[in-house]
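Below: run-v5.cif (mmCIF, C-alpha atoms and all ligand atoms)
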```cif
data_entry
loop_
_atom_site.group_PDB
_atom_site.id
_atom_site.type_symbol
_atom_site.label_atom_id
_atom_site.label_comp_id
_atom_site.auth_asym_id
_atom_site.auth_seq_id
_atom_site.Cartn_x
_atom_site.Cartn_y
_atom_site.Cartn_z
ATOM 1 C CA MET A 554 -43.314 -94.163 -183.218
ATOM 2 C CA THR A 555 -47.009 -93.510 -182.780
ATOM 3 C CA SER A 556 -46.384 -91.491 -179.618
ATOM 4 C CA SER A 557 -44.698 -88.677 -181.584
ATOM 5 C CA LEU A 558 -45.990 -85.153 -181.297
ATOM 6 C CA LEU A 559 -44.896 -84.514 -184.875
ATOM 7 C CA GLU A 560 -44.559 -87.237 -187.448
ATOM 8 C CA VAL A 561 -43.431 -86.358 -190.967
ATOM 9 C CA ALA A 562 -43.345 -89.256 -193.426
ATOM 10 C CA GLY A 563 -42.275 -89.235 -197.059
ATOM 11 C CA LEU A 564 -42.719 -85.473 -197.382
ATOM 12 C CA HIS A 565 -42.229 -84.019 -200.830
ATOM 13 C CA ALA A 566 -42.489 -80.252 -201.011
ATOM 14 C CA GLY A 567 -41.228 -77.287 -202.967
ATOM 15 C CA TYR A 568 -42.004 -73.909 -204.387
ATOM 16 C CA GLY A 569 -44.675 -73.894 -207.038
ATOM 17 C CA ARG A 570 -43.522 -76.615 -209.397
ATOM 18 C CA ILE A 571 -39.906 -76.580 -208.258
ATOM 19 C CA PRO A 572 -39.328 -79.540 -205.913
ATOM 20 C CA ALA A 573 -36.975 -79.140 -202.937
ATOM 21 C CA LEU A 574 -37.832 -82.090 -200.656
ATOM 22 C CA PHE A 575 -37.803 -85.683 -201.866
ATOM 23 C CA GLY A 576 -39.267 -87.822 -199.099
ATOM 24 C CA VAL A 577 -38.402 -86.413 -195.697
ATOM 25 C CA ASP A 578 -39.095 -88.584 -192.635
ATOM 26 C CA LEU A 579 -38.713 -87.202 -189.136
ATOM 27 C CA GLN A 580 -40.329 -87.294 -185.714
ATOM 28 C CA VAL A 581 -40.374 -85.010 -182.714
ATOM 29 C CA ALA A 582 -41.692 -86.201 -179.352
ATOM 30 C CA ALA A 583 -43.538 -83.913 -176.922
ATOM 31 C CA GLY A 584 -41.107 -81.625 -175.113
ATOM 32 C CA GLU A 585 -38.158 -82.888 -177.150
ATOM 33 C CA ILE A 586 -35.539 -80.655 -178.826
ATOM 34 C CA VAL A 587 -34.533 -82.023 -182.213
ATOM 35 C CA ALA A 588 -31.856 -80.456 -184.431
ATOM 36 C CA LEU A 589 -32.151 -80.340 -188.217
ATOM 37 C CA LEU A 590 -28.728 -79.864 -189.771
ATOM 38 C CA GLY A 591 -27.206 -79.718 -193.222
ATOM 39 C CA ARG A 592 -25.369 -77.532 -195.668
ATOM 40 C CA ASN A 593 -26.765 -74.491 -197.470
ATOM 41 C CA GLY A 594 -29.637 -75.413 -199.746
ATOM 42 C CA ALA A 595 -30.135 -78.870 -198.197
ATOM 43 C CA GLY A 596 -33.831 -78.215 -197.570
ATOM 44 C CA LYS A 597 -33.933 -77.362 -193.869
ATOM 45 C CA THR A 598 -36.008 -74.195 -194.181
ATOM 46 C CA THR A 599 -38.267 -75.857 -196.725
ATOM 47 C CA THR A 600 -38.906 -78.682 -194.246
ATOM 48 C CA LEU A 601 -40.035 -76.178 -191.596
ATOM 49 C CA ARG A 602 -42.117 -74.321 -194.184
ATOM 50 C CA GLY A 603 -43.616 -77.576 -195.418
ATOM 51 C CA ILE A 604 -44.686 -78.553 -191.892
ATOM 52 C CA ILE A 605 -46.643 -75.333 -191.422
ATOM 53 C CA GLY A 606 -47.923 -75.161 -194.984
ATOM 54 C CA LEU A 607 -45.784 -72.311 -196.315
ATOM 55 C CA ALA A 608 -44.173 -74.537 -198.943
ATOM 56 C CA THR A 609 -46.199 -76.521 -201.472
ATOM 57 C CA ARG A 610 -46.644 -80.070 -200.172
ATOM 58 C CA THR A 611 -46.973 -82.547 -203.009
ATOM 59 C CA ALA A 612 -46.750 -85.955 -201.286
ATOM 60 C CA GLY A 613 -46.279 -87.594 -197.934
ATOM 61 C CA SER A 614 -47.949 -87.108 -194.585
ATOM 62 C CA ILE A 615 -47.560 -84.779 -191.627
ATOM 63 C CA ALA A 616 -49.302 -85.587 -188.368
ATOM 64 C CA LEU A 617 -49.540 -83.690 -185.122
ATOM 65 C CA ASN A 618 -50.524 -85.936 -182.202
ATOM 66 C CA GLY A 619 -51.740 -88.439 -184.770
ATOM 67 C CA MET A 620 -53.950 -85.919 -186.579
ATOM 68 C CA ALA A 621 -53.174 -85.278 -190.252
ATOM 69 C CA ILE A 622 -52.217 -81.648 -190.892
ATOM 70 C CA GLY A 623 -50.564 -82.008 -194.300
ATOM 71 C CA ARG A 624 -53.480 -80.420 -196.139
ATOM 72 C CA ARG A 625 -54.415 -77.784 -193.621
ATOM 73 C CA PRO A 626 -53.651 -74.106 -194.178
ATOM 74 C CA THR A 627 -50.970 -72.358 -192.154
ATOM 75 C CA HIS A 628 -53.328 -70.531 -189.779
ATOM 76 C CA ALA A 629 -55.107 -73.761 -188.884
ATOM 77 C CA ILE A 630 -51.814 -75.508 -188.147
ATOM 78 C CA ALA A 631 -50.735 -72.535 -186.014
ATOM 79 C CA ARG A 632 -53.967 -72.816 -184.013
ATOM 80 C CA MET A 633 -53.156 -76.465 -183.368
ATOM 81 C CA GLY A 634 -50.014 -75.340 -181.581
ATOM 82 C CA VAL A 635 -47.239 -75.175 -184.167
ATOM 83 C CA THR A 636 -45.360 -71.856 -184.247
ATOM 84 C CA PHE A 637 -42.675 -70.924 -186.769
ATOM 85 C CA VAL A 638 -39.921 -68.415 -185.944
ATOM 86 C CA PRO A 639 -38.402 -67.610 -189.338
ATOM 87 C CA GLU A 640 -34.806 -66.696 -190.026
ATOM 88 C CA ASP A 641 -35.656 -62.969 -190.123
ATOM 89 C CA ARG A 642 -37.531 -63.458 -186.790
ATOM 90 C CA GLY A 643 -40.787 -62.196 -188.311
ATOM 91 C CA ILE A 644 -40.809 -59.097 -186.139
ATOM 92 C CA PHE A 645 -42.580 -55.895 -187.172
ATOM 93 C CA PRO A 646 -39.794 -53.323 -186.802
ATOM 94 C CA SER A 647 -41.955 -50.199 -186.771
ATOM 95 C CA LEU A 648 -44.254 -51.567 -184.057
ATOM 96 C CA THR A 649 -43.361 -51.378 -180.380
ATOM 97 C CA VAL A 650 -42.211 -54.424 -178.445
ATOM 98 C CA ARG A 651 -45.593 -54.415 -176.681
ATOM 99 C CA ASP A 652 -47.519 -54.464 -179.961
ATOM 100 C CA ASN A 653 -45.330 -57.224 -181.349
ATOM 101 C CA LEU A 654 -46.192 -59.251 -178.246
ATOM 102 C CA ARG A 655 -49.890 -58.464 -178.716
ATOM 103 C CA LEU A 656 -49.732 -59.967 -182.189
ATOM 104 C CA GLY A 657 -48.478 -63.166 -180.596
ATOM 105 C CA ARG A 658 -51.448 -63.176 -178.240
ATOM 106 C CA LEU A 659 -53.871 -62.697 -181.130
ATOM 107 C CA ALA A 660 -52.296 -65.573 -183.029
ATOM 108 C CA GLY A 661 -52.811 -67.738 -179.947
ATOM 109 C CA ASN A 662 -56.568 -67.707 -180.449
ATOM 110 C CA GLY A 663 -57.658 -67.391 -176.842
ATOM 111 C CA ARG A 664 -55.145 -69.869 -175.467
ATOM 112 C CA SER A 665 -52.433 -67.262 -175.163
ATOM 113 C CA GLY A 666 -50.364 -66.130 -172.258
ATOM 114 C CA ASP A 667 -49.847 -62.443 -171.603
ATOM 115 C CA GLU A 668 -47.154 -59.813 -171.685
ATOM 116 C CA ALA A 669 -46.223 -60.550 -168.081
ATOM 117 C CA ASP A 670 -45.294 -64.125 -169.046
ATOM 118 C CA ALA A 671 -43.010 -62.811 -171.778
ATOM 119 C CA VAL A 672 -41.357 -60.306 -169.466
ATOM 120 C CA ALA A 673 -40.931 -62.924 -166.757
ATOM 121 C CA ARG A 674 -38.931 -65.083 -169.149
ATOM 122 C CA PHE A 675 -36.960 -62.242 -170.761
ATOM 123 C CA PRO A 676 -36.850 -59.343 -168.240
ATOM 124 C CA ILE A 677 -34.964 -57.078 -170.653
ATOM 125 C CA LEU A 678 -38.102 -56.945 -172.819
ATOM 126 C CA GLY A 679 -39.935 -55.378 -169.883
ATOM 127 C CA GLU A 680 -37.619 -52.378 -170.105
ATOM 128 C CA ARG A 681 -38.219 -52.074 -173.830
ATOM 129 C CA LEU A 682 -42.016 -52.450 -174.096
ATOM 130 C CA ASP A 683 -42.633 -48.984 -175.544
ATOM 131 C CA GLN A 684 -39.632 -48.942 -177.884
ATOM 132 C CA GLU A 685 -39.906 -49.707 -181.564
ATOM 133 C CA ALA A 686 -38.712 -53.238 -182.267
ATOM 134 C CA SER A 687 -36.285 -51.764 -184.817
ATOM 135 C CA SER A 688 -34.296 -50.306 -181.905
ATOM 136 C CA LEU A 689 -33.616 -53.721 -180.344
ATOM 137 C CA SER A 690 -30.263 -55.476 -180.511
ATOM 138 C CA GLY A 691 -30.057 -58.766 -182.398
ATOM 139 C CA GLY A 692 -30.249 -60.780 -179.189
ATOM 140 C CA GLU A 693 -33.216 -58.769 -177.907
ATOM 141 C CA ARG A 694 -34.979 -59.284 -181.215
ATOM 142 C CA GLN A 695 -34.553 -63.027 -180.953
ATOM 143 C CA MET A 696 -35.850 -62.873 -177.357
ATOM 144 C CA LEU A 697 -38.882 -60.940 -178.622
ATOM 145 C CA ALA A 698 -39.460 -63.469 -181.393
ATOM 146 C CA ILE A 699 -39.303 -66.388 -178.965
ATOM 147 C CA ALA A 700 -41.381 -64.591 -176.322
ATOM 148 C CA ARG A 701 -44.013 -63.791 -178.929
ATOM 149 C CA ALA A 702 -44.005 -67.367 -180.189
ATOM 150 C CA LEU A 703 -44.502 -68.629 -176.606
ATOM 151 C CA LEU A 704 -47.556 -66.395 -176.160
ATOM 152 C CA THR A 705 -49.330 -68.592 -178.689
ATOM 153 C CA ARG A 706 -48.864 -71.467 -176.166
ATOM 154 C CA PRO A 707 -47.255 -73.722 -178.770
ATOM 155 C CA ARG A 708 -46.714 -77.429 -178.460
ATOM 156 C CA LEU A 709 -44.049 -77.265 -181.132
ATOM 157 C CA LEU A 710 -41.697 -74.419 -182.049
ATOM 158 C CA LEU A 711 -40.007 -74.436 -185.437
ATOM 159 C CA LEU A 712 -36.884 -72.279 -185.086
ATOM 160 C CA ASP A 713 -34.915 -71.350 -188.200
ATOM 161 C CA GLU A 714 -31.282 -70.195 -187.838
ATOM 162 C CA PHE A 715 -31.795 -69.473 -184.193
ATOM 163 C CA SER A 716 -28.244 -68.211 -183.449
ATOM 164 C CA GLU A 717 -27.602 -66.334 -186.691
ATOM 165 C CA GLY A 718 -25.994 -62.949 -186.220
ATOM 166 C CA LEU A 719 -25.847 -63.194 -182.429
ATOM 167 C CA GLN A 720 -22.818 -62.834 -180.180
ATOM 168 C CA PRO A 721 -21.628 -66.047 -178.505
ATOM 169 C CA ASN A 722 -22.541 -64.924 -174.970
ATOM 170 C CA ILE A 723 -26.096 -64.089 -176.081
ATOM 171 C CA VAL A 724 -26.346 -67.409 -177.902
ATOM 172 C CA ARG A 725 -25.313 -69.259 -174.737
ATOM 173 C CA GLU A 726 -27.931 -67.419 -172.706
ATOM 174 C CA LEU A 727 -30.673 -68.066 -175.259
ATOM 175 C CA ALA A 728 -29.657 -71.693 -175.672
ATOM 176 C CA ALA A 729 -30.036 -72.217 -171.921
ATOM 177 C CA GLY A 730 -33.472 -70.598 -172.257
ATOM 178 C CA LEU A 731 -34.449 -73.144 -174.917
ATOM 179 C CA GLY A 732 -33.696 -75.960 -172.500
ATOM 180 C CA GLU A 733 -36.010 -74.409 -169.918
ATOM 181 C CA ILE A 734 -38.752 -73.872 -172.476
ATOM 182 C CA ALA A 735 -38.529 -77.500 -173.589
ATOM 183 C CA ALA A 736 -38.620 -78.624 -169.957
ATOM 184 C CA SER A 737 -41.946 -76.789 -169.666
ATOM 185 C CA GLY A 738 -43.304 -79.124 -172.354
ATOM 186 C CA VAL A 739 -42.706 -77.222 -175.605
ATOM 187 C CA ALA A 740 -41.016 -79.322 -178.283
ATOM 188 C CA MET A 741 -38.642 -77.745 -180.789
ATOM 189 C CA LEU A 742 -37.326 -78.457 -184.242
ATOM 190 C CA LEU A 743 -34.166 -76.412 -184.432
ATOM 191 C CA VAL A 744 -32.454 -75.512 -187.705
ATOM 192 C CA GLU A 745 -28.905 -74.264 -187.156
ATOM 193 C CA GLN A 746 -25.771 -73.456 -189.110
ATOM 194 C CA ASN A 747 -23.882 -73.804 -185.849
ATOM 195 C CA ALA A 748 -24.023 -77.588 -185.673
ATOM 196 C CA ARG A 749 -22.178 -77.906 -182.371
ATOM 197 C CA LEU A 750 -24.524 -75.504 -180.635
ATOM 198 C CA ALA A 751 -27.568 -77.319 -182.011
ATOM 199 C CA LEU A 752 -26.150 -80.684 -180.979
ATOM 200 C CA ARG A 753 -25.431 -79.460 -177.477
ATOM 201 C CA VAL A 754 -29.004 -78.305 -176.864
ATOM 202 C CA SER A 755 -30.844 -81.116 -178.672
ATOM 203 C CA ALA A 756 -31.536 -84.725 -177.768
ATOM 204 C CA ARG A 757 -31.538 -86.041 -181.337
ATOM 205 C CA CYS A 758 -30.606 -84.748 -184.740
ATOM 206 C CA TYR A 759 -31.283 -85.270 -188.420
ATOM 207 C CA VAL A 760 -28.896 -84.356 -191.218
ATOM 208 C CA MET A 761 -30.261 -83.287 -194.601
ATOM 209 C CA GLU A 762 -28.639 -83.322 -197.990
ATOM 210 C CA LYS A 763 -30.297 -82.451 -201.307
ATOM 211 C CA GLY A 764 -33.813 -82.560 -199.920
ATOM 212 C CA ARG A 765 -33.433 -85.852 -198.057
ATOM 213 C CA ILE A 766 -32.535 -87.024 -194.561
ATOM 214 C CA VAL A 767 -29.168 -88.759 -194.897
ATOM 215 C CA ASP A 768 -28.263 -89.402 -191.261
ATOM 216 C CA GLU A 769 -29.867 -89.279 -187.833
ATOM 217 C CA GLY A 770 -29.164 -90.236 -184.262
ATOM 218 C CA PRO A 771 -28.727 -89.075 -180.683
ATOM 219 C CA SER A 772 -27.012 -85.684 -180.589
ATOM 220 C CA PRO A 773 -24.336 -86.696 -178.050
ATOM 221 C CA VAL A 774 -23.222 -89.470 -180.419
ATOM 222 C CA PHE A 775 -22.774 -86.947 -183.256
ATOM 223 C CA LEU A 776 -20.947 -84.509 -181.003
ATOM 224 C CA ALA A 777 -18.455 -87.198 -180.075
ATOM 225 C CA ASP A 778 -17.878 -88.262 -183.687
ATOM 226 C CA ASP A 779 -15.852 -85.639 -185.545
ATOM 227 C CA ASP A 780 -15.638 -87.688 -188.730
ATOM 228 C CA ARG A 781 -19.365 -88.062 -188.956
ATOM 229 C CA LEU A 782 -19.843 -84.340 -188.344
ATOM 230 C CA ARG A 783 -17.274 -83.386 -190.943
ATOM 231 C CA ARG A 784 -18.675 -85.770 -193.514
ATOM 232 C CA HIS A 785 -22.035 -84.039 -193.441
ATOM 233 C CA LEU A 786 -21.539 -80.599 -192.111
ATOM 234 C CA VAL A 787 -19.512 -77.486 -192.204
ATOM 235 C CA VAL A 788 -17.739 -77.488 -188.851
HETATM 236 N N1 LIG A 801 -38.682 -69.348 -202.628
HETATM 237 C C1 LIG A 801 -38.040 -70.309 -203.316
HETATM 238 N N2 LIG A 801 -38.329 -70.536 -204.627
HETATM 239 C C2 LIG A 801 -37.698 -71.524 -205.324
HETATM 240 N N3 LIG A 801 -36.780 -72.339 -204.795
HETATM 241 C C3 LIG A 801 -36.445 -72.148 -203.506
HETATM 242 C C4 LIG A 801 -37.061 -71.126 -202.701
HETATM 243 N N4 LIG A 801 -36.526 -71.186 -201.456
HETATM 244 C C5 LIG A 801 -35.610 -72.188 -201.498
HETATM 245 N N5 LIG A 801 -35.574 -72.767 -202.719
HETATM 246 C C6 LIG A 801 -34.716 -73.908 -203.109
HETATM 247 O O1 LIG A 801 -35.036 -75.033 -202.322
HETATM 248 C C7 LIG A 801 -33.865 -75.763 -201.961
HETATM 249 C C8 LIG A 801 -33.799 -75.899 -200.453
HETATM 250 O O2 LIG A 801 -33.662 -74.598 -199.883
HETATM 251 P P1 LIG A 801 -33.785 -74.322 -198.330
HETATM 252 O O3 LIG A 801 -33.945 -72.852 -198.180
HETATM 253 O O4 LIG A 801 -34.812 -75.203 -197.756
HETATM 254 O O5 LIG A 801 -32.349 -74.797 -197.808
HETATM 255 P P2 LIG A 801 -31.681 -74.628 -196.385
HETATM 256 O O6 LIG A 801 -31.215 -75.983 -195.982
HETATM 257 O O7 LIG A 801 -32.593 -73.918 -195.463
HETATM 258 O O8 LIG A 801 -30.390 -73.737 -196.721
HETATM 259 P P3 LIG A 801 -29.663 -72.570 -195.878
HETATM 260 O O9 LIG A 801 -28.754 -73.263 -194.918
HETATM 261 O O10 LIG A 801 -28.881 -71.833 -196.934
HETATM 262 O O11 LIG A 801 -30.713 -71.737 -195.229
HETATM 263 C C9 LIG A 801 -32.694 -74.999 -202.564
HETATM 264 O O12 LIG A 801 -32.357 -75.638 -203.765
HETATM 265 C C10 LIG A 801 -33.256 -73.617 -202.813
HETATM 266 O O13 LIG A 801 -32.628 -73.014 -203.912
HETATM 267 MG MG MG A 802 -32.517 -72.113 -194.529
#
```
Starting from the file, lay out its structure as structure tokens.
Ligand SMILES: Nc1ncnc2c1ncn2[C@@H]1O[C@H](COP(=O)(O)OP(=O)(O)OP(=O)(O)O)[C@@H](O)[C@H]1O
Ligand SMILES: [Mg+2]
Amino acid sequence: MTSSLLEVAGLHAGYGRIPALFGVDLQVAAGEIVALLGRNGAGKTTTLRGIIGLATRTAGSIALNGMAIGRRPTHAIARMGVTFVPEDRGIFPSLTVRDNLRLGRLAGNGRSGDEADAVARFPILGERLDQEASSLSGGERQMLAIARALLTRPRLLLLDEFSEGLQPNIVRELAAGLGEIAASGVAMLLVEQNARLALRVSARCYVMEKGRIVDEGPSPVFLADDDRLRRHLVV
């Protein structure tokens, strides 16, 4: 698949000398939502961290639009349009919502959108601009994290545990938002404990086990196959 936005092949990565990934292969096409599933400790977060250079990459290749990024530092990969939203959302709690958004603009290196774009997508943030981020609800924090990530004008969002700690109605609202964001041309690699949610919003999925991809396919096929889901995942 040479037309992939992201192409990871044979990726080995870990933490210092401790290996966690043993040859991960995956692709994400432009504007595509891809789910990355698997049990605790399977290597999902490490895969995201490996792609943006926050885990030690020891072998394999990572290409963005055909350009090798496997040896580039994190900031350079971010400038090429890959934005990571970590499990803790990476928000600065003692800064205001506005200042958190400004940090997103800075990270965008001149290509960024502005505050108005963020507020247009998540109007509630417009009412909270001068509040400390620590005062936001869990759902608002996730909106801030995604809004800030979008200000960097990414081509690929890496979202870790997107729905964690959020109420189901907020998750539904945000999940619908992800579909719209993808439709605007932003691809996503979505790590989720909630496999059904991830499968509903994604086009394809990969399942990891012990640092390897052990299954993959179109998400609707997985959703319709309870045995396959149960074999791999906690559902
Ligand atoms: N900072 C670290 N230092 C050393 N080993 C780590 C570190 N972070 C994770 N690991 C190890 O790497 C392996 C993969 O962990 P990873 O966090 O990628 O799993 P995960 O699939 O994201 O799990 P979870 O669903 O619990 O978030 C595990 O064996 C874990 O113990
Ligand atoms: Mg994880």
Residues within 10 Å of ligand LIG 801 (chain A), counting all atoms listed in the file, as a ChimeraX atom specification: /A:566-574,589-603,607-608,640,713-714,744-746,760-764
Distance in Å - atom CA of Glu726 of chain A versus atom CA of Gly692 of chain A: 9.6 Å
Kindly resolve the PyMOL selection byres (((chain A and resi 610-624) around 7) and not hetatm) on the present coordinates and return the residues as a short mmCIF file (atom, residue, chain, number, x, y, z; two decimals) with C-alpha atoms, keeping the file's coordinate frame.
```cif
data_model
loop_
_atom_site.label_atom_id
_atom_site.label_comp_id
_atom_site.auth_asym_id
_atom_site.auth_seq_id
_atom_site.Cartn_x
_atom_site.Cartn_y
_atom_site.Cartn_z
CA SER A 557 -44.70 -88.68 -181.58
CA LEU A 558 -45.99 -85.15 -181.30
CA LEU A 559 -44.90 -84.51 -184.88
CA GLU A 560 -44.56 -87.24 -187.45
CA VAL A 561 -43.43 -86.36 -190.97
CA ALA A 562 -43.34 -89.26 -193.43
CA GLY A 563 -42.28 -89.24 -197.06
CA LEU A 564 -42.72 -85.47 -197.38
CA HIS A 565 -42.23 -84.02 -200.83
CA ALA A 566 -42.49 -80.25 -201.01
CA GLY A 567 -41.23 -77.29 -202.97
CA GLY A 603 -43.62 -77.58 -195.42
CA ILE A 604 -44.69 -78.55 -191.89
CA ALA A 608 -44.17 -74.54 -198.94
CA THR A 609 -46.20 -76.52 -201.47
CA ARG A 625 -54.42 -77.78 -193.62
CA PRO A 626 -53.65 -74.11 -194.18
CA ILE A 630 -51.81 -75.51 -188.15
#
```
Near-Leu703 of chain A list (8 Å; only C-alpha atoms; drop same-chain fewer than 3 positions) as an MDAnalysis selection string: chainID A and resid 657 666 671 699:700 706:707
Result set of the PyMOL selection byres (((chain A and resi 585) around 9) and not hetatm) on the coordinates above, as a VMD selection string: chain A and resid 581 to 584 586 to 587 735 to 736 738 to 742 755 to 757
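Closest approach to Arg749 of chain A from the set A:Leu786, A:Val638, A:Leu710, A:Leu776 is made by A:Leu776, with distances taken over all atoms listed in the file.
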Distance query 12 Å from (-38.5, -62.9, -168.1) using all atoms listed in the file, result as an MDAnalysis selection string: chainID A and resid 667:680 693 696:697 699:700 703 727 730 733:734
Protein, DNA and RNA residues within 7 Å of (-46.6, -65.5, -179.4), all atoms listed in the file, as a VMD selection string: chain A and resid 654 656 to 658 660 to 661 700 to 705
How about saving the chosen residues, C-alpha atoms kept, as a PDB file, in the coordinates of the input?
```
ATOM      1  CA  LEU A 654     -46.192 -59.251-178.246  1.00  0.00           C
ATOM      2  CA  LEU A 656     -49.732 -59.967-182.189  1.00  0.00           C
ATOM      3  CA  GLY A 657     -48.478 -63.166-180.596  1.00  0.00           C
ATOM      4  CA  ARG A 658     -51.448 -63.176-178.240  1.00  0.00           C
ATOM      5  CA  ALA A 660     -52.296 -65.573-183.029  1.00  0.00           C
ATOM      6  CA  GLY A 661     -52.811 -67.738-179.947  1.00  0.00           C
ATOM      7  CA  ALA A 700     -41.381 -64.591-176.322  1.00  0.00           C
ATOM      8  CA  ARG A 701     -44.013 -63.791-178.929  1.00  0.00           C
ATOM      9  CA  ALA A 702     -44.005 -67.367-180.189  1.00  0.00           C
ATOM     10  CA  LEU A 703     -44.502 -68.629-176.606  1.00  0.00           C
ATOM     11  CA  LEU A 704     -47.556 -66.395-176.160  1.00  0.00           C
ATOM     12  CA  THR A 705     -49.330 -68.592-178.689  1.00  0.00           C
TER      13      THR A 705
END
```
Computed interatomic separation between atom CA of Gly576 of chain A and atom CA of Arg765 of chain A (Å): 6.2 Å
Nearest-residue call for ligand MG 802 (chain A), choices A:Asn722, A:Pro639, A:Leu579, A:Arg783, using only C-alpha atoms and all ligand atoms: A:Pro639
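From atom CA of Gln580 of chain A back to atom CA of Val774 of chain A, the distance works out to 18.0 Å.
Proximity ranking of A:Asp768, A:Asp652, A:Glu717, A:Asp578 relative to ligand MG 802 (chain A) places A:Glu717 first, based on only C-alpha atoms and all ligand atoms.
Comparing A:Arg753, A:Pro771, A:Leu712, A:Ile723 by their smallest distance to ligand MG 802 (chain A), the closest is A:Leu712 (using all atoms listed in the file).
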Using the file's own x, y and z axes, what box holds all listed atoms of segment 676-679 of chain A with 8 Å on each side, keeping edges along x, y and z, and what are its centre and edge lengths in Å to one decimal, as JSON?
```
{"center_x": -37.4, "center_y": -57.4, "center_z": -170.5, "size_x": 21.0, "size_y": 20.0, "size_z": 20.6}
```
